[in-house]
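File shown: input-v6.cif (mmCIF, C-alpha atoms and all ligand atoms).
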```cif
data_work
#
loop_
_atom_site.label_atom_id
_atom_site.label_comp_id
_atom_site.auth_asym_id
_atom_site.auth_seq_id
_atom_site.Cartn_x
_atom_site.Cartn_y
_atom_site.Cartn_z
CA MET N 97 50.76 19.59 -1.90
CA TYR N 98 50.58 17.66 -5.14
CA GLY N 99 48.26 14.63 -4.88
CA LYS N 100 46.62 15.82 -1.65
CA GLY N 101 43.15 15.42 -3.15
CA LEU N 102 44.01 11.88 -4.23
CA LEU N 103 45.15 10.98 -0.74
CA GLU N 104 42.00 12.41 0.81
CA GLY N 105 39.89 10.38 -1.61
CA LEU N 106 41.82 7.19 -0.81
CA LYS N 107 41.42 7.85 2.91
CA ILE N 108 37.65 7.98 2.51
CA THR N 109 37.64 4.83 0.37
CA VAL N 110 39.78 2.84 2.82
CA GLY N 111 37.68 4.11 5.69
CA HIS N 112 34.58 2.66 4.04
CA LEU N 113 36.38 -0.63 3.29
CA PHE N 114 36.83 -1.36 6.98
CA GLY N 115 33.77 0.46 8.25
CA LYS N 116 30.28 -0.83 8.94
CA THR N 117 28.49 -2.24 5.89
CA ILE N 118 25.53 -0.07 4.97
CA THR N 119 24.53 -1.62 1.65
CA GLN N 120 21.90 -4.38 1.53
CA LYS N 121 21.87 -7.37 -0.80
CA TYR N 122 18.48 -6.66 -2.30
CA PRO N 123 16.63 -8.55 -3.75
CA GLU N 124 18.14 -11.57 -1.95
CA VAL N 125 17.73 -9.79 1.36
CA LYS N 126 14.67 -7.62 1.88
CA PRO N 127 15.44 -4.19 3.29
CA ASN N 128 14.43 -3.27 6.81
CA LEU N 129 12.06 -0.41 6.14
CA PRO N 130 10.90 2.01 8.84
CA PRO N 131 7.53 1.05 10.36
CA CYS N 132 5.96 4.22 8.98
CA THR N 133 6.76 3.26 5.36
CA ARG N 134 3.80 3.64 3.03
CA CYS N 135 3.99 1.17 0.15
CA PHE N 136 0.81 -0.84 -0.26
CA PHE N 137 -2.47 -1.40 1.54
CA GLU N 138 -4.15 -4.20 3.39
CA LEU N 139 -7.86 -4.31 4.03
CA ILE N 140 -9.02 -6.36 6.99
CA GLU N 141 -12.38 -7.31 5.59
CA GLU N 142 -13.81 -8.49 8.91
CA LYS N 143 -13.21 -5.04 10.41
CA CYS N 144 -14.63 -3.07 7.48
CA ILE N 145 -18.15 -1.73 8.06
CA ALA N 146 -18.42 -0.42 4.47
CA CYS N 147 -18.99 3.12 5.70
CA GLY N 148 -17.14 4.64 2.73
CA ILE N 149 -15.33 7.22 4.87
CA CYS N 150 -11.99 6.21 3.34
CA ALA N 151 -13.34 6.77 -0.17
CA ASN N 152 -14.73 10.19 0.81
CA ALA N 153 -11.43 11.17 2.43
CA CYS N 154 -9.40 10.35 -0.66
CA PRO N 155 -8.54 13.49 -2.67
CA ASN N 156 -7.97 11.50 -5.87
CA ASN N 157 -10.97 9.16 -5.91
CA VAL N 158 -8.70 6.14 -5.69
CA ILE N 159 -11.07 4.06 -3.60
CA GLU N 160 -14.40 2.55 -4.59
CA VAL N 161 -16.45 0.84 -1.91
CA GLN N 162 -19.45 -1.32 -2.77
CA SER N 163 -21.91 -2.55 -0.21
CA VAL N 164 -25.41 -3.91 0.33
CA ARG N 165 -27.78 -3.49 3.26
CA GLY N 166 -28.28 -6.68 5.23
CA GLU N 167 -31.50 -7.74 6.90
CA ASP N 168 -30.18 -6.19 10.09
CA LYS N 169 -29.99 -2.84 8.18
CA LYS N 170 -26.23 -2.81 8.50
CA ARG N 171 -24.02 -2.30 5.48
CA LYS N 172 -22.09 -5.31 4.26
CA LEU N 173 -18.97 -4.90 2.13
CA THR N 174 -19.30 -6.45 -1.32
CA GLY N 175 -16.51 -4.73 -3.22
CA TYR N 176 -13.38 -2.74 -2.48
CA LYS N 177 -11.29 -1.42 -5.35
CA MET N 178 -8.25 0.85 -5.39
CA GLU N 179 -6.68 2.45 -8.47
CA LEU N 180 -3.21 2.84 -7.07
CA GLY N 181 -1.94 4.59 -10.18
CA TYR N 182 -3.66 7.71 -8.84
CA CYS N 183 -2.68 7.23 -5.19
CA LEU N 184 -0.63 9.95 -3.48
CA PHE N 185 0.11 7.72 -0.47
CA CYS N 186 -1.02 10.63 1.67
CA GLY N 187 -2.57 8.29 4.23
CA LEU N 188 -5.86 10.17 4.62
CA CYS N 189 -7.84 7.01 3.95
CA VAL N 190 -5.96 5.01 6.57
CA GLU N 191 -6.21 7.81 9.13
CA SER N 192 -9.92 8.30 8.57
CA CYS N 193 -10.96 4.65 8.89
CA PRO N 194 -12.94 4.38 12.14
CA THR N 195 -12.31 0.66 12.60
CA ASP N 196 -8.63 0.38 11.57
CA ALA N 197 -9.68 -1.90 8.73
CA LEU N 198 -7.35 -0.19 6.27
CA ASN N 199 -3.61 -0.12 6.85
CA PHE N 200 -0.39 0.43 5.00
CA THR N 201 1.98 -2.45 4.35
CA GLN N 202 5.66 -2.45 3.41
CA ASP N 203 5.21 -4.41 0.21
CA PHE N 204 7.01 -2.08 -2.18
CA GLU N 205 7.49 -4.40 -5.16
CA LEU N 206 4.58 -3.03 -7.16
CA SER N 207 6.15 -2.15 -10.47
CA CYS N 208 4.23 -3.32 -13.51
CA TYR N 209 4.15 -2.77 -17.26
CA HIS N 210 0.50 -1.92 -17.73
CA ARG N 211 -1.58 0.75 -16.07
CA ASP N 212 -4.43 -1.72 -15.70
CA ASN N 213 -2.28 -3.69 -13.28
CA THR N 214 -2.32 -0.80 -10.83
CA VAL N 215 -5.97 -1.54 -10.14
CA TYR N 216 -6.41 -3.78 -7.11
CA TYR N 217 -9.55 -5.56 -5.97
CA PHE N 218 -9.20 -6.16 -2.26
CA VAL N 219 -12.74 -7.44 -2.32
CA GLU N 220 -14.12 -8.22 -5.70
CA GLY N 221 -17.42 -6.50 -6.43
CA GLN N 222 -20.24 -8.99 -5.93
CA THR N 223 -23.99 -8.84 -5.66
CA ASP N 224 -24.01 -12.11 -3.73
CA GLU N 225 -22.39 -11.15 -0.47
CA ASN N 226 -21.85 -14.77 0.50
CA SER N 227 -19.36 -15.30 -2.28
CA VAL N 228 -17.13 -12.35 -1.45
CA GLU N 229 -13.49 -13.35 -1.64
CA ASP N 230 -11.05 -12.05 0.95
CA LYS N 231 -7.92 -12.17 -1.13
CA VAL N 232 -6.21 -9.35 -2.94
CA LYS N 233 -6.60 -9.84 -6.64
CA LYS N 234 -4.60 -7.99 -9.20
CA SER N 235 -6.59 -7.27 -12.30
CA GLU N 236 -5.54 -8.83 -15.57
CA ALA N 237 -3.99 -6.62 -18.21
S1 LIG N 301 -3.27 7.29 0.44
FE1 LIG N 301 -4.32 9.23 -0.11
S2 LIG N 301 -4.48 9.20 -2.34
FE2 LIG N 301 -3.98 7.11 -1.70
S3 LIG N 301 -5.98 6.08 -1.51
FE3 LIG N 301 -5.47 6.89 0.51
S4 LIG N 301 -6.43 8.93 0.60
FE4 LIG N 301 -6.35 8.30 -1.56
S1 LIG N 302 -11.93 0.60 5.19
FE1 LIG N 302 -12.59 1.73 7.00
S2 LIG N 302 -13.29 3.74 6.27
FE2 LIG N 302 -13.16 2.36 4.48
S3 LIG N 302 -15.23 1.55 4.24
FE3 LIG N 302 -14.08 0.08 5.52
S4 LIG N 302 -14.48 0.70 7.63
FE4 LIG N 302 -15.11 2.43 6.32
#
```

How does this structure look as structure tokens?
Ligand code: SF4
Ligand code: SF4
Amino acid sequence: MYGKGLLEGLKITVGHLFGKTITQKYPEVKPNLPPCTRCFFELIEEKCIACGICANACPNNVIEVQSVRGEDKKRKLTGYKMELGYCLFCGLCVESCPTDALNFTQDFELSCYHRDNTVYYFVEGQTDENSVEDKVKKSEA
């Protein structure tokens, strides 16, 4: 029949007009991502024992852990850097962390213009462990 394809197309279009809305008004409304989404990282500094297992597990040498030995002989975290431009988001670092100090977050808005801005200092490298900051700092271009 002539126009059959047109009618079938219209049927699909009308069906979507009155069907359930599946689009999301991003960026006004943030999307509901699955819990397993791997976008960014969070380091819970208090939980980190500076063992370096995450850095050793990483196949791309994304992670750099700096630490000093305290008077109690335990390692204290003084720096934690990630070069996310090389990250595969494979999750080996998160899986290997023995204290659950490293986790994925759903913060996916990471686009930037300069490669230097893909370097993140979760703990800025310090020699004075008392002045370690616990904020995530994006490096300047
Ligand atoms: S997700 Fe994979 S590639 Fe990225 S830092 Fe962790 S181990 Fe390395
Ligand atoms: S994040 Fe986990 S695996 Fe990495 S140094 Fe800290 S405690 Fe060790």

Who sits within 12 Å of Cys189 (chain N), only C-alpha atoms, same chain under 4 positions skipped, as a count of residues only: 29

Shortest interatomic distance to ligand LIG 301 (chain N) - which of N:Ile118, N:Val125, N:Cys144, N:Leu180, counting all atoms listed in the file: N:Leu180

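Here CA of Cys186 (chain N) and atom S3 of ligand LIG 301 (chain N) stand 7.4 Å from one another.
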
Counting only C-alpha atoms, the option among N:His210, N:Arg165, N:Lys107, N:Lys172 closest to Glu141 (chain N):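 Using only C-alpha atoms, the shortest distance to Glu141 (chain N) belongs to N:Lys172.
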
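The space between CA of Leu102 (chain N) and CA of Thr119 (chain N) spans 24.4 Å.
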
Distance criterion (only C-alpha atoms): nearest to Lys170 (chain N) out of N:Gly221, N:Ile145, N:Leu188, N:Gly101: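 Ranked by minimum distance to Lys170 (chain N), first place goes to N:Ile145.
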